[in-house]
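Source file: run_5.txt. Holds: compact mmCIF, C-alpha atoms and all ligand atoms.
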```txt
# COMPACT_ATOMS: atom_id res chain seq x y z
CA MET A 926 -8.06 -18.78 -11.45
CA ALA A 927 -5.69 -17.36 -8.87
CA LYS A 928 -7.08 -14.46 -6.88
CA ILE A 929 -4.55 -11.67 -7.31
CA ALA A 930 -4.84 -8.37 -5.46
CA VAL A 931 -2.87 -5.22 -6.06
CA PHE A 932 -2.18 -3.01 -3.05
CA PRO A 933 -1.18 0.31 -4.57
CA GLY A 934 0.55 3.02 -2.60
CA SER A 935 3.57 5.20 -2.21
CA PHE A 936 4.81 3.41 0.93
CA ASP A 937 6.81 6.53 1.71
CA PRO A 938 7.60 4.89 4.10
CA ILE A 939 5.72 1.66 4.83
CA THR A 940 3.97 1.87 8.21
CA ARG A 941 2.52 -0.64 10.63
CA GLY A 942 -0.87 0.38 9.26
CA HIS A 943 0.03 -0.77 5.73
CA ASP A 944 1.61 -3.95 7.09
CA SER A 945 -1.50 -4.79 9.10
CA VAL A 946 -3.72 -4.42 6.02
CA VAL A 947 -1.40 -6.63 3.93
CA ARG A 948 -1.17 -9.39 6.53
CA ARG A 949 -4.89 -9.39 7.22
CA ALA A 950 -5.62 -9.57 3.50
CA LEU A 951 -3.35 -12.56 2.88
CA PRO A 952 -6.00 -15.19 3.74
CA LEU A 953 -8.38 -13.55 1.25
CA PHE A 954 -6.13 -13.78 -1.82
CA ASP A 955 -3.71 -16.20 -3.46
CA LYS A 956 -1.26 -13.44 -4.18
CA ILE A 957 -0.80 -9.80 -3.18
CA ILE A 958 1.24 -7.43 -5.30
CA LEU A 959 2.56 -4.42 -3.42
CA ALA A 960 2.51 -1.90 -6.22
CA ILE A 961 4.66 1.13 -5.59
CA GLY A 962 3.30 3.97 -7.69
CA ASP A 963 6.09 5.90 -9.36
CA ASN A 964 4.25 9.13 -9.96
CA PRO A 965 6.26 11.86 -11.73
CA ASP A 966 4.04 14.55 -10.14
CA LYS A 967 4.80 13.39 -6.59
CA LYS A 968 8.17 14.03 -5.07
CA PRO A 969 8.74 11.20 -2.60
CA TYR A 970 10.64 11.65 0.64
CA PHE A 971 12.43 8.32 0.37
CA LEU A 972 14.18 7.05 -2.73
CA LEU A 973 12.27 4.44 -4.69
CA LYS A 974 15.19 2.04 -4.21
CA LYS A 975 14.85 2.27 -0.43
CA ARG A 976 11.09 1.84 -0.46
CA ILE A 977 11.44 -1.27 -2.64
CA SER A 978 14.12 -2.75 -0.41
CA TRP A 979 12.08 -2.23 2.78
CA LEU A 980 9.05 -3.97 1.30
CA LYS A 981 11.17 -6.84 -0.04
CA LEU A 982 12.90 -7.26 3.30
CA LEU A 983 9.64 -7.19 5.26
CA TYR A 984 7.97 -9.87 3.15
CA LYS A 985 11.01 -11.95 2.24
CA ASP A 986 9.51 -15.07 3.87
CA GLU A 987 6.09 -14.68 2.27
CA PRO A 988 6.23 -16.03 -1.31
CA ARG A 989 2.67 -14.90 -1.98
CA ILE A 990 3.66 -11.24 -1.69
CA THR A 991 5.60 -9.55 -4.46
CA VAL A 992 6.78 -5.99 -4.92
CA ILE A 993 6.47 -4.23 -8.27
CA VAL A 994 6.92 -0.58 -9.28
CA TYR A 995 4.38 0.81 -11.71
CA SER A 996 3.44 4.07 -13.31
CA GLY A 997 0.30 5.15 -15.07
CA LEU A 998 -3.22 4.00 -14.34
CA THR A 999 -3.59 1.45 -11.56
CA VAL A 1000 -6.25 -0.45 -13.53
CA GLU A 1001 -3.91 -0.79 -16.52
CA PHE A 1002 -1.31 -2.24 -14.20
CA CYS A 1003 -3.95 -4.62 -12.78
CA LYS A 1004 -4.73 -5.85 -16.30
CA GLN A 1005 -1.03 -6.45 -16.99
CA VAL A 1006 -0.60 -8.59 -13.88
CA ASN A 1007 -3.98 -10.30 -14.11
CA ALA A 1008 -5.26 -8.80 -10.86
CA LYS A 1009 -9.01 -8.50 -10.41
CA TYR A 1010 -8.82 -6.90 -6.98
CA ILE A 1011 -7.45 -3.66 -5.62
CA LEU A 1012 -6.81 -3.67 -1.89
CA ARG A 1013 -7.11 -0.49 0.17
CA GLY A 1014 -7.24 0.36 3.85
CA LEU A 1015 -9.79 2.67 5.47
CA ARG A 1016 -8.93 4.73 8.51
CA THR A 1017 -11.51 7.51 8.55
CA SER A 1018 -14.60 8.78 6.76
CA ALA A 1019 -12.26 11.10 4.83
CA ASP A 1020 -10.40 8.02 3.57
CA PHE A 1021 -13.74 6.54 2.58
CA GLU A 1022 -14.81 9.59 0.56
CA PHE A 1023 -11.45 9.71 -1.19
CA GLU A 1024 -11.39 5.97 -1.88
CA ARG A 1025 -14.98 5.89 -3.05
CA THR A 1026 -14.24 8.33 -5.87
CA ILE A 1027 -11.17 6.42 -6.97
CA GLY A 1028 -12.91 3.05 -6.61
CA LEU A 1029 -15.87 4.17 -8.73
CA MET A 1030 -13.58 5.59 -11.41
CA ASN A 1031 -11.47 2.44 -11.47
CA LYS A 1032 -14.64 0.41 -11.94
CA ALA A 1033 -15.73 2.72 -14.77
CA LEU A 1034 -12.35 2.22 -16.45
CA TYR A 1035 -12.19 -1.53 -15.92
CA HIS A 1036 -15.46 -3.23 -15.20
CA GLU A 1037 -13.92 -6.47 -13.91
CA ILE A 1038 -11.97 -4.81 -11.11
CA GLU A 1039 -13.28 -4.93 -7.54
CA THR A 1040 -11.87 -2.71 -4.82
CA VAL A 1041 -11.69 -4.49 -1.47
CA PHE A 1042 -11.50 -2.31 1.63
CA LEU A 1043 -10.25 -3.46 4.98
CA LEU A 1044 -11.02 -1.36 8.01
CA CYS A 1045 -7.87 -0.24 9.68
CA ASP A 1046 -6.82 -1.79 12.98
CA PRO A 1047 -7.93 0.84 15.57
CA ALA A 1048 -4.37 0.89 16.91
CA TYR A 1049 -3.25 2.45 13.61
CA ALA A 1050 -6.18 4.76 12.94
CA ALA A 1051 -4.06 7.88 13.41
CA LEU A 1052 -1.03 6.55 11.57
CA SER A 1053 0.02 7.71 8.13
CA SER A 1054 3.23 7.85 6.13
CA SER A 1055 3.06 11.64 6.21
CA ILE A 1056 2.98 11.69 10.03
CA VAL A 1057 5.97 9.35 10.10
CA ARG A 1058 7.83 11.71 7.74
CA ASP A 1059 6.96 14.72 9.93
CA ILE A 1060 8.24 12.98 13.04
CA LEU A 1061 11.45 12.05 11.23
CA LYS A 1062 11.99 15.57 9.91
CA ASN A 1063 11.72 16.80 13.48
CA GLY A 1064 14.15 14.30 14.88
CA GLY A 1065 11.58 12.05 16.57
CA ASP A 1066 11.60 8.32 17.07
CA VAL A 1067 9.37 6.47 14.59
CA ARG A 1068 10.22 2.89 15.58
CA ASP A 1069 6.74 2.24 17.00
CA PHE A 1070 5.13 3.26 13.74
CA VAL A 1071 7.10 1.35 11.12
CA PRO A 1072 7.28 -2.45 11.05
CA GLU A 1073 9.92 -4.11 13.18
CA GLY A 1074 13.21 -4.58 11.35
CA ILE A 1075 12.65 -1.61 9.05
CA ASN A 1076 15.09 1.13 9.87
CA VAL A 1077 13.92 4.28 8.12
CA GLY A 1078 16.24 6.50 10.14
CA ASP A 1079 19.38 5.42 8.23
P1 LIG A 1101 -1.17 6.85 -1.27
O1 LIG A 1101 0.04 7.06 -2.09
O2 LIG A 1101 -2.37 6.36 -2.04
O3 LIG A 1101 -1.47 7.93 -0.27
P2 LIG A 1101 -0.34 5.29 0.94
O4 LIG A 1101 0.94 4.58 0.81
O5 LIG A 1101 -0.41 6.42 1.89
O6 LIG A 1101 -0.81 5.59 -0.47
O7 LIG A 1101 -1.50 4.27 1.37
C1 LIG A 1101 -1.85 3.15 0.63
C2 LIG A 1101 -3.07 2.49 1.26
O8 LIG A 1101 -2.79 2.18 2.60
C3 LIG A 1101 -4.33 3.33 1.28
O9 LIG A 1101 -5.45 2.49 1.03
C4 LIG A 1101 -4.41 3.83 2.69
O10 LIG A 1101 -5.74 4.08 3.09
C5 LIG A 1101 -3.84 2.65 3.42
N1 LIG A 1101 -3.31 3.05 4.72
C6 LIG A 1101 -2.41 4.01 4.99
N2 LIG A 1101 -2.17 4.12 6.31
C7 LIG A 1101 -2.96 3.17 6.90
C8 LIG A 1101 -3.20 2.78 8.27
N3 LIG A 1101 -2.59 3.40 9.28
N4 LIG A 1101 -4.06 1.76 8.49
C9 LIG A 1101 -4.70 1.17 7.46
N5 LIG A 1101 -4.53 1.50 6.15
C10 LIG A 1101 -3.68 2.48 5.88
```
Rewrite the structure from the file as structure tokens, please.
Ligand code: ADP
Amino acid sequence: MAKIAVFPGSFDPITRGHDSVVRRALPLFDKIILAIGDNPDKKPYFLLKKRISWLKLLYKDEPRITVIVYSGLTVEFCKQVNAKYILRGLRTSADFEFERTIGLMNKALYHEIETVFLLCDPAYAALSSSIVRDILKNGGDVRDFVPEGINVGD
């Protein structure tokens, strides 16, 4: 059976930290689904359309990566797409505490799911989408923080 992982996130916007996790996880799975959560309670900074197009552009040459928008419970989405793994990145102990709660609850909701954590590349330990948004709002240059070829300043 194909090993399918879901990497859920807002990707608002995608950063080099996300990209590093995705690329490092590729050898572990047959397929990775970048699952953009469309959460009605969260007001994103970038339009969903833009976030989708950046992810599709970035992974256009990697047929094992697909981009899908979902809403509702991540585990329900995993069942729909036959994914038995949820991929997450860990930057700090705060990330770990947050992820542990979600991971345990996901397991309680769907026993067959396993959350796989990759430690963040130290170069990206301080990088987050929210920092990239703050820099942008203040007119700064974010090119070093988003993957090459992704122009979030447009
Ligand atoms: P969320 O909407 O859950 O906050 P994000 O898009 O911010 O989603 O992040 C999705 C996943 O990417 C999370 O597992 C998060 O820990 C991971 N991540 C975010 N930034 C980095 C980074 N700089 N390095 C490694 N992983 C990261």
Original post:
Please, which residues have at least one atom within 10 Å of an atom of ligand LIG 1101 (chain A), using only C-alpha atoms and all ligand atoms, listed as a PyMOL selection string?
Top reply: chain A and resi 932-947+959-964+967+969+1011-1017+1019-1021+1023-1024+1041-1056+1070
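Counting from CA of Trp979 (chain A), the distance to CA of Val994 (chain A) is 13.2 Å.
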Original post:
Could you state the separation of CA of Tyr1010 (chain A) and CA of Ala1033 (chain A) in Å, given to one decimal place?
Top reply: 14.2 Å
Subject >> Residue with smallest distance to Lys985 (chain A) - pool A:Phe971, A:Thr999, A:Gly1074, A:Asp1059, counting all atoms listed in the file >> reply: A:Gly1074
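Atom pair CA of Lys1004 (chain A) / CA of Glu1037 (chain A) has a distance of 9.5 Å (rounded to one decimal).
Distance check against Arg989 (chain A) using only C-alpha atoms: of A:Leu1029, A:Ile1038, A:Ala930, A:Val1006, the minimum falls on A:Ala930.
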Original post:
With all atoms listed in the file as the atoms that count, which of A:Leu980, A:Leu998, A:Glu987, A:Lys974 lies nearest to Pro1072 (chain A)?
Top reply: A:Leu980
As a short mmCIF file (atom, residue, chain, number, x, y, z; two decimals), keeping the file's coordinate frame, please: region 958-969 of chain A completed to all heavy atoms.
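Here's the written file out-v5.cif:
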```cif
data_model
loop_
_atom_site.label_atom_id
_atom_site.label_comp_id
_atom_site.auth_asym_id
_atom_site.auth_seq_id
_atom_site.Cartn_x
_atom_site.Cartn_y
_atom_site.Cartn_z
N ILE A 958 0.15 -8.19 -4.69
CA ILE A 958 1.24 -7.43 -5.30
C ILE A 958 1.28 -6.06 -4.64
O ILE A 958 0.31 -5.30 -4.70
CB ILE A 958 1.03 -7.28 -6.82
CG1 ILE A 958 1.03 -8.66 -7.48
CG2 ILE A 958 2.11 -6.37 -7.42
CD1 ILE A 958 0.65 -8.65 -8.95
N LEU A 959 2.39 -5.76 -3.98
CA LEU A 959 2.56 -4.42 -3.42
C LEU A 959 3.06 -3.57 -4.57
O LEU A 959 4.18 -3.76 -5.07
CB LEU A 959 3.57 -4.45 -2.27
CG LEU A 959 3.22 -5.42 -1.14
CD1 LEU A 959 4.28 -5.38 -0.05
CD2 LEU A 959 1.85 -5.08 -0.55
N ALA A 960 2.22 -2.67 -5.00
CA ALA A 960 2.51 -1.90 -6.22
C ALA A 960 2.90 -0.49 -5.83
O ALA A 960 2.07 0.30 -5.38
CB ALA A 960 1.30 -1.91 -7.13
N ILE A 961 4.18 -0.20 -5.96
CA ILE A 961 4.66 1.13 -5.59
C ILE A 961 4.45 2.05 -6.79
O ILE A 961 5.04 1.86 -7.86
CB ILE A 961 6.16 1.12 -5.22
CG1 ILE A 961 6.44 0.04 -4.17
CG2 ILE A 961 6.59 2.49 -4.73
CD1 ILE A 961 7.89 0.02 -3.70
N GLY A 962 3.59 3.02 -6.60
CA GLY A 962 3.30 3.97 -7.69
C GLY A 962 4.46 4.93 -7.86
O GLY A 962 4.85 5.62 -6.91
N ASP A 963 5.01 4.95 -9.06
CA ASP A 963 6.09 5.90 -9.36
C ASP A 963 5.47 7.04 -10.14
O ASP A 963 5.36 6.98 -11.36
CB ASP A 963 7.18 5.18 -10.18
CG ASP A 963 8.46 6.00 -10.25
OD1 ASP A 963 8.61 6.95 -9.46
OD2 ASP A 963 9.30 5.68 -11.12
N ASN A 964 5.02 8.04 -9.36
CA ASN A 964 4.25 9.13 -9.96
C ASN A 964 5.16 10.34 -10.18
O ASN A 964 5.66 10.91 -9.22
CB ASN A 964 3.11 9.46 -8.97
CG ASN A 964 2.23 10.57 -9.47
OD1 ASN A 964 2.56 11.27 -10.43
ND2 ASN A 964 1.09 10.73 -8.82
N PRO A 965 5.34 10.75 -11.45
CA PRO A 965 6.26 11.86 -11.73
C PRO A 965 5.82 13.18 -11.11
O PRO A 965 6.64 14.09 -10.90
CB PRO A 965 6.26 11.95 -13.27
CG PRO A 965 5.09 11.16 -13.74
CD PRO A 965 4.74 10.18 -12.67
N ASP A 966 4.52 13.30 -10.75
CA ASP A 966 4.04 14.55 -10.14
C ASP A 966 4.29 14.60 -8.63
O ASP A 966 4.14 15.64 -8.00
CB ASP A 966 2.53 14.72 -10.37
CG ASP A 966 2.20 14.78 -11.85
OD1 ASP A 966 3.09 15.18 -12.62
OD2 ASP A 966 1.08 14.39 -12.22
N LYS A 967 4.59 13.45 -8.04
CA LYS A 967 4.80 13.39 -6.59
C LYS A 967 6.28 13.29 -6.31
O LYS A 967 6.95 12.41 -6.85
CB LYS A 967 4.12 12.14 -6.02
CG LYS A 967 2.74 12.36 -5.46
CD LYS A 967 2.34 11.11 -4.67
CE LYS A 967 0.91 11.11 -4.23
NZ LYS A 967 0.54 9.81 -3.63
N LYS A 968 6.77 14.16 -5.42
CA LYS A 968 8.17 14.03 -5.07
C LYS A 968 8.25 13.23 -3.76
O LYS A 968 7.87 13.73 -2.71
CB LYS A 968 8.82 15.41 -4.91
CG LYS A 968 10.29 15.28 -4.64
CD LYS A 968 11.13 16.44 -5.04
CE LYS A 968 12.58 16.31 -4.58
NZ LYS A 968 13.06 14.98 -4.19
N PRO A 969 8.72 12.00 -3.83
CA PRO A 969 8.74 11.20 -2.60
C PRO A 969 9.83 11.65 -1.64
O PRO A 969 10.81 12.29 -2.04
CB PRO A 969 9.02 9.78 -3.11
CG PRO A 969 9.70 9.97 -4.42
CD PRO A 969 9.26 11.28 -4.99
#
```
